[in-house]
Amino acid sequence: MTLLNLGCGQRFHPDWMNIDFVSHAPEVMAHDLTTGIPVPDNRADAVYHSHVLEHFSKSNGAAFIQECFRVLKPGGVLRVVVPDLEALALQYVQALNAFRQQPDAMNKANHTWATIEMIDQLVRTQSGGDMMAYWSQPQILNETTLEQRLGYEFTTWRKAYLQNQQASPVNNYRIKHASPSWRQRISMHWKNYWLHRWGIAASQLPDMLFQQSGEKHLWMYDAVSLQQLLEQQGFEAITQTDAFHSRIPQWNKYQMLDVEAGVVRKPDSLFMEALKPL
Ligand SMILES: C[S@@+](CC[C@H](N)C(=O)[O-])C[C@H]1O[C@@H](n2cnc3c(N)ncnc32)[C@H](O)[C@@H]1O
């Protein structure tokens with residue numbers, strides 16, 4: 001079988017063709033998916049991507065789903081996992097109302113977190129953004145809320161972070177102020193020359209690069225809009241599912257993509273599947 005795991009990050013399986021911007025392991029192929037999927041037409045039995053579609057602009061997202069359609073065999077399965085916009089919005093409104101009714105510290109923390117979870121990844125200009133700052137507090141009052149919302153990803157990060165803090169309580173990250181070498185000066189000169197020719201201010205460059213880094217959310221989906229997108233690209237038999245069930249053959253074997261130690265890896269997710277018509 002040809003199985004494609006697109007934007008795999010650190011979550012990949014050797015039976016799959018795993019693709020990401022950067023290759024973290026020999027099993028992962030480095031490729032920018034906004035340029036298409038490097039696979040011939042009608043080749044794949046299944047295409048899977050988890051928390052990837054929202055990193056494309058709305059139009060690039062539609063082009064990406066069209067690519068998924070192109071590479072799938074007739075009858076092949078597309079499995080899309082994205083953060084669920086509906087669940088995010090509900091959490092936000094519930095937290096807002098709870099705080100209005102009872103303005104205590106816990107409800108305040110839940111409202112602050114719901115706002116960050118909803119907006120931060122759409123607007124951040126630096127890696128980690130406000131979300132990582134919230135996760136890095138010495139004490140997180142509503143840690144249980146975060147555990148329920150984000151599951152394994154948050155709990156593992158937090159555990160490693162706290163262990164690391166204990167191991168080195170003094171922040172020993174140092175900023176190096178070395179003067180640039182002549183090579184760096186020449187490359188800076190050419191960079192500035194080309195930016196000037198393209199009409200881009202040097203100060204805009206970090207933002208432009210970060211925008212394309214794959215970390216920001218450039219669009220988001222709920223069950224209705226994702227279904228519409230899949231229909232528009234020609235998919236049929238579209239269903240909402242969960243981490244444990246799939247029409248991908250031998251899902252028991254590949255469930256590790258969505259499940260960790262028997263629980264859903266990213267509980268904030270919307271899981272949808274669709275078939276390419278025969
Ligand atoms: C939030 S992570 C999800 C990783 C993994 N699928 C998971 O569920 O844990 C998003 C991944 O998509 C990758 N990505 C985003 N845009 C990409 C692009 N244009 N081409 C290739 N990979 C991309 C990022 O590098 C990152 O590894």
# chains A, B, ... in the order shown; residues from 1 in each chain; ligands from 1
$ residues_near_ligand --ligand "ligand 1" --cutoff "10 Å" --atoms "only C-alpha atoms and all ligand atoms" --output "VMD selection string"
chain A and resid 5 to 12 18 to 24 29 to 37 48 to 56 60 to 61 64 81 to 83 153 212 to 217 257 to 258 265 to 266 269
$ residues_around --residues "stretch 138-144 of chain A" --least-positions-apart "3" --cutoff "10 Å" --atoms "only C-alpha atoms" --output "CSV table (one decimal) with all heavy atoms, in the first residue's frame"
chain,number,residue,atom,x,y,z
A,105,ALA,N,-10.5,33.8,40.4
A,105,ALA,CA,-9.2,33.6,39.7
A,105,ALA,C,-9.2,32.5,38.7
A,105,ALA,O,-8.6,32.6,37.6
A,105,ALA,CB,-8.1,33.4,40.8
A,106,MET,N,-9.9,31.4,39.0
A,106,MET,CA,-9.9,30.3,38.1
A,106,MET,C,-10.7,30.6,36.8
A,106,MET,O,-10.2,30.3,35.7
A,106,MET,CB,-10.6,29.1,38.8
A,106,MET,CG,-10.7,27.8,38.0
A,106,MET,SD,-9.0,27.3,37.5
A,106,MET,CE,-8.6,26.3,39.0
A,107,ASN,N,-11.8,31.3,36.9
A,107,ASN,CA,-12.5,31.7,35.7
A,107,ASN,C,-11.8,32.7,34.9
A,107,ASN,O,-11.8,32.7,33.7
A,107,ASN,CB,-13.9,32.2,36.1
A,107,ASN,CG,-14.9,31.0,36.5
A,107,ASN,OD1,-14.6,29.9,36.1
A,107,ASN,ND2,-15.9,31.3,37.2
A,108,LYS,N,-11.0,33.5,35.6
A,108,LYS,CA,-10.2,34.5,34.9
A,108,LYS,C,-9.1,33.8,34.1
A,108,LYS,O,-8.8,34.1,32.9
A,108,LYS,CB,-9.5,35.5,35.9
A,108,LYS,CG,-8.7,36.5,35.3
A,108,LYS,CD,-8.2,37.5,36.3
A,108,LYS,CE,-7.3,38.5,35.7
A,108,LYS,NZ,-6.2,38.9,36.5
A,109,ALA,N,-8.5,32.8,34.8
A,109,ALA,CA,-7.4,32.0,34.1
A,109,ALA,C,-8.0,31.3,32.9
A,109,ALA,O,-7.4,31.2,31.8
A,109,ALA,CB,-6.8,31.0,35.1
A,110,ASN,N,-9.2,30.7,33.0
A,110,ASN,CA,-9.8,30.0,31.9
A,110,ASN,C,-10.1,30.9,30.8
A,110,ASN,O,-10.0,30.5,29.6
A,110,ASN,CB,-11.1,29.2,32.4
A,110,ASN,CG,-10.7,28.0,33.1
A,110,ASN,OD1,-9.6,27.4,32.9
A,110,ASN,ND2,-11.6,27.5,34.0
A,113,TRP,N,-6.8,31.8,29.1
A,113,TRP,CA,-6.4,30.7,28.2
A,113,TRP,C,-7.2,30.5,27.0
A,113,TRP,O,-6.7,30.4,25.9
A,113,TRP,CB,-6.3,29.4,29.0
A,113,TRP,CG,-6.1,28.3,28.1
A,113,TRP,CD1,-6.9,27.3,27.7
A,113,TRP,CD2,-4.9,28.1,27.3
A,113,TRP,NE1,-6.3,26.5,26.8
A,113,TRP,CE2,-5.1,26.9,26.5
A,113,TRP,CE3,-3.6,28.7,27.3
A,113,TRP,CZ2,-4.1,26.5,25.6
A,113,TRP,CZ3,-2.7,28.3,26.4
A,113,TRP,CH2,-2.9,27.1,25.6
A,134,TYR,N,2.4,31.2,28.4
A,134,TYR,CA,1.4,30.7,29.4
A,134,TYR,C,1.8,29.4,29.9
A,134,TYR,O,1.8,29.1,31.1
A,134,TYR,CB,0.0,30.6,28.7
A,134,TYR,CG,-1.1,30.6,29.7
A,134,TYR,CD1,-1.8,31.7,30.1
A,134,TYR,CD2,-1.5,29.3,30.2
A,134,TYR,CE1,-2.8,31.7,31.1
A,134,TYR,CE2,-2.6,29.3,31.2
A,134,TYR,CZ,-3.2,30.5,31.6
A,134,TYR,OH,-4.2,30.4,32.5
A,135,TRP,N,2.3,28.5,29.0
A,135,TRP,CA,2.7,27.2,29.4
A,135,TRP,C,3.9,27.2,30.4
A,135,TRP,O,4.2,26.3,31.1
A,135,TRP,CB,3.1,26.3,28.2
A,135,TRP,CG,2.0,25.9,27.3
A,135,TRP,CD1,0.7,26.4,27.3
A,135,TRP,CD2,2.1,24.9,26.3
A,135,TRP,NE1,0.0,25.7,26.4
A,135,TRP,CE2,0.8,24.8,25.7
A,135,TRP,CE3,3.1,24.1,25.9
A,135,TRP,CZ2,0.5,23.9,24.7
A,135,TRP,CZ3,2.8,23.2,24.8
A,135,TRP,CH2,1.5,23.1,24.2
A,147,GLU,N,-4.7,20.4,30.3
A,147,GLU,CA,-4.5,19.0,30.1
A,147,GLU,C,-5.7,18.4,29.3
A,147,GLU,O,-5.5,17.6,28.4
A,147,GLU,CB,-4.4,18.3,31.4
A,147,GLU,CG,-3.0,18.5,32.0
A,147,GLU,CD,-2.9,18.0,33.5
A,147,GLU,OE1,-3.9,17.4,34.0
A,147,GLU,OE2,-1.9,18.4,34.1
A,148,GLN,N,-6.9,18.8,29.7
A,148,GLN,CA,-8.1,18.3,29.0
A,148,GLN,C,-8.2,18.8,27.6
A,148,GLN,O,-8.5,18.0,26.7
A,148,GLN,CB,-9.4,18.7,29.8
A,148,GLN,CG,-9.6,17.9,31.0
A,148,GLN,CD,-10.6,18.6,32.0
A,148,GLN,OE1,-11.1,19.7,31.7
A,148,GLN,NE2,-10.8,18.0,33.1
A,149,ARG,N,-7.8,20.0,27.4
A,149,ARG,CA,-7.9,20.6,26.0
A,149,ARG,C,-6.8,20.1,25.1
A,149,ARG,O,-7.1,19.8,23.9
A,149,ARG,CB,-7.8,22.1,26.1
A,149,ARG,CG,-8.9,22.9,26.6
A,149,ARG,CD,-10.1,23.0,25.5
A,149,ARG,NE,-9.6,23.5,24.2
A,149,ARG,CZ,-10.2,23.2,23.1
A,149,ARG,NH1,-11.3,22.5,23.1
A,149,ARG,NH2,-9.8,23.6,22.0
A,150,LEU,N,-5.6,20.0,25.6
A,150,LEU,CA,-4.5,19.7,24.7
A,150,LEU,C,-3.8,18.3,24.9
A,150,LEU,O,-3.0,17.9,24.1
A,150,LEU,CB,-3.4,20.8,25.0
A,150,LEU,CG,-3.9,22.2,24.9
A,150,LEU,CD1,-2.8,23.2,25.2
A,150,LEU,CD2,-4.4,22.5,23.5
A,151,GLY,N,-4.2,17.7,26.0
A,151,GLY,CA,-3.7,16.3,26.2
A,151,GLY,C,-2.2,16.1,26.2
A,151,GLY,O,-1.5,16.9,26.8
A,154,PHE,N,0.6,18.8,25.6
A,154,PHE,CA,0.9,19.8,26.7
A,154,PHE,C,1.5,19.1,27.8
A,154,PHE,O,2.5,19.6,28.4
A,154,PHE,CB,-0.4,20.5,27.1
A,154,PHE,CG,-0.3,21.2,28.4
A,154,PHE,CD1,0.4,22.4,28.4
A,154,PHE,CD2,-0.8,20.7,29.6
A,154,PHE,CE1,0.6,23.1,29.6
A,154,PHE,CE2,-0.7,21.4,30.8
A,154,PHE,CZ,0.0,22.6,30.8
A,155,THR,N,1.0,17.9,28.3
A,155,THR,CA,1.5,17.3,29.5
A,155,THR,C,3.0,16.9,29.3
A,155,THR,O,3.8,17.1,30.2
A,155,THR,CB,0.7,16.1,29.9
A,155,THR,OG1,0.5,15.2,28.8
A,155,THR,CG2,-0.6,16.4,30.5
A,158,ARG,N,5.1,20.1,29.3
A,158,ARG,CA,5.2,20.7,30.7
A,158,ARG,C,6.1,19.9,31.6
A,158,ARG,O,6.9,20.5,32.4
A,158,ARG,CB,3.7,20.8,31.2
A,158,ARG,CG,3.6,21.4,32.6
A,158,ARG,CD,3.6,22.9,32.6
A,158,ARG,NE,3.5,23.4,33.9
A,158,ARG,CZ,3.9,24.6,34.3
A,158,ARG,NH1,4.5,25.4,33.5
A,158,ARG,NH2,3.7,25.0,35.6
A,161,TYR,N,9.6,20.6,30.6
A,161,TYR,CA,10.0,22.0,31.0
A,161,TYR,C,10.3,22.1,32.5
A,161,TYR,O,11.3,22.7,32.9
A,161,TYR,CB,8.8,22.9,30.6
A,161,TYR,CG,9.0,24.3,31.0
A,161,TYR,CD1,9.9,25.2,30.4
A,161,TYR,CD2,8.3,24.8,32.2
A,161,TYR,CE1,10.0,26.5,30.8
A,161,TYR,CE2,8.5,26.1,32.6
A,161,TYR,CZ,9.3,26.9,31.9
A,161,TYR,OH,9.5,28.2,32.3
A,162,LEU,N,9.4,21.5,33.3
A,162,LEU,CA,9.6,21.6,34.8
A,162,LEU,C,10.9,20.9,35.2
A,162,LEU,O,11.6,21.4,36.0
A,162,LEU,CB,8.4,21.1,35.5
A,162,LEU,CG,7.1,22.0,35.4
A,162,LEU,CD1,5.9,21.3,36.1
A,162,LEU,CD2,7.3,23.4,35.9
A,165,GLN,N,13.8,23.0,34.3
A,165,GLN,CA,13.9,24.2,35.2
A,165,GLN,C,14.5,23.8,36.5
A,165,GLN,O,15.3,24.5,37.0
A,165,GLN,CB,12.5,24.7,35.5
A,165,GLN,CG,11.8,25.4,34.4
A,165,GLN,CD,12.4,26.7,34.1
A,165,GLN,OE1,13.2,26.8,33.2
A,165,GLN,NE2,12.1,27.8,34.8
$ atom_distance --atom1 "atom CA of A:Gly234" --atom2 "atom CA of A:Leu275"
9.0 Å
$ atom_distance --atom1 "atom CA of A:Gln94" --atom2 "atom CA of A:His111"
8.5 Å
$ residues_around --residues "A:Gln232" --least-positions-apart "4" --cutoff "9 Å" --atoms "only C-alpha atoms" --output "VMD selection string"
chain A and resid 62 66 227 to 228
$ write_last_selection --atoms "C-alpha atoms" --output "PDB file, in the first residue's frame"
ATOM      1  CA  ALA A  62      -8.029  24.241  -1.100  1.00  0.00           C
ATOM      2  CA  GLN A  66      -7.083  19.112  -4.451  1.00  0.00           C
ATOM      3  CA  GLN A 227     -17.049  19.074   4.823  1.00  0.00           C
ATOM      4  CA  GLN A 228     -17.729  21.830   2.260  1.00  0.00           C
TER       5      GLN A 228
END
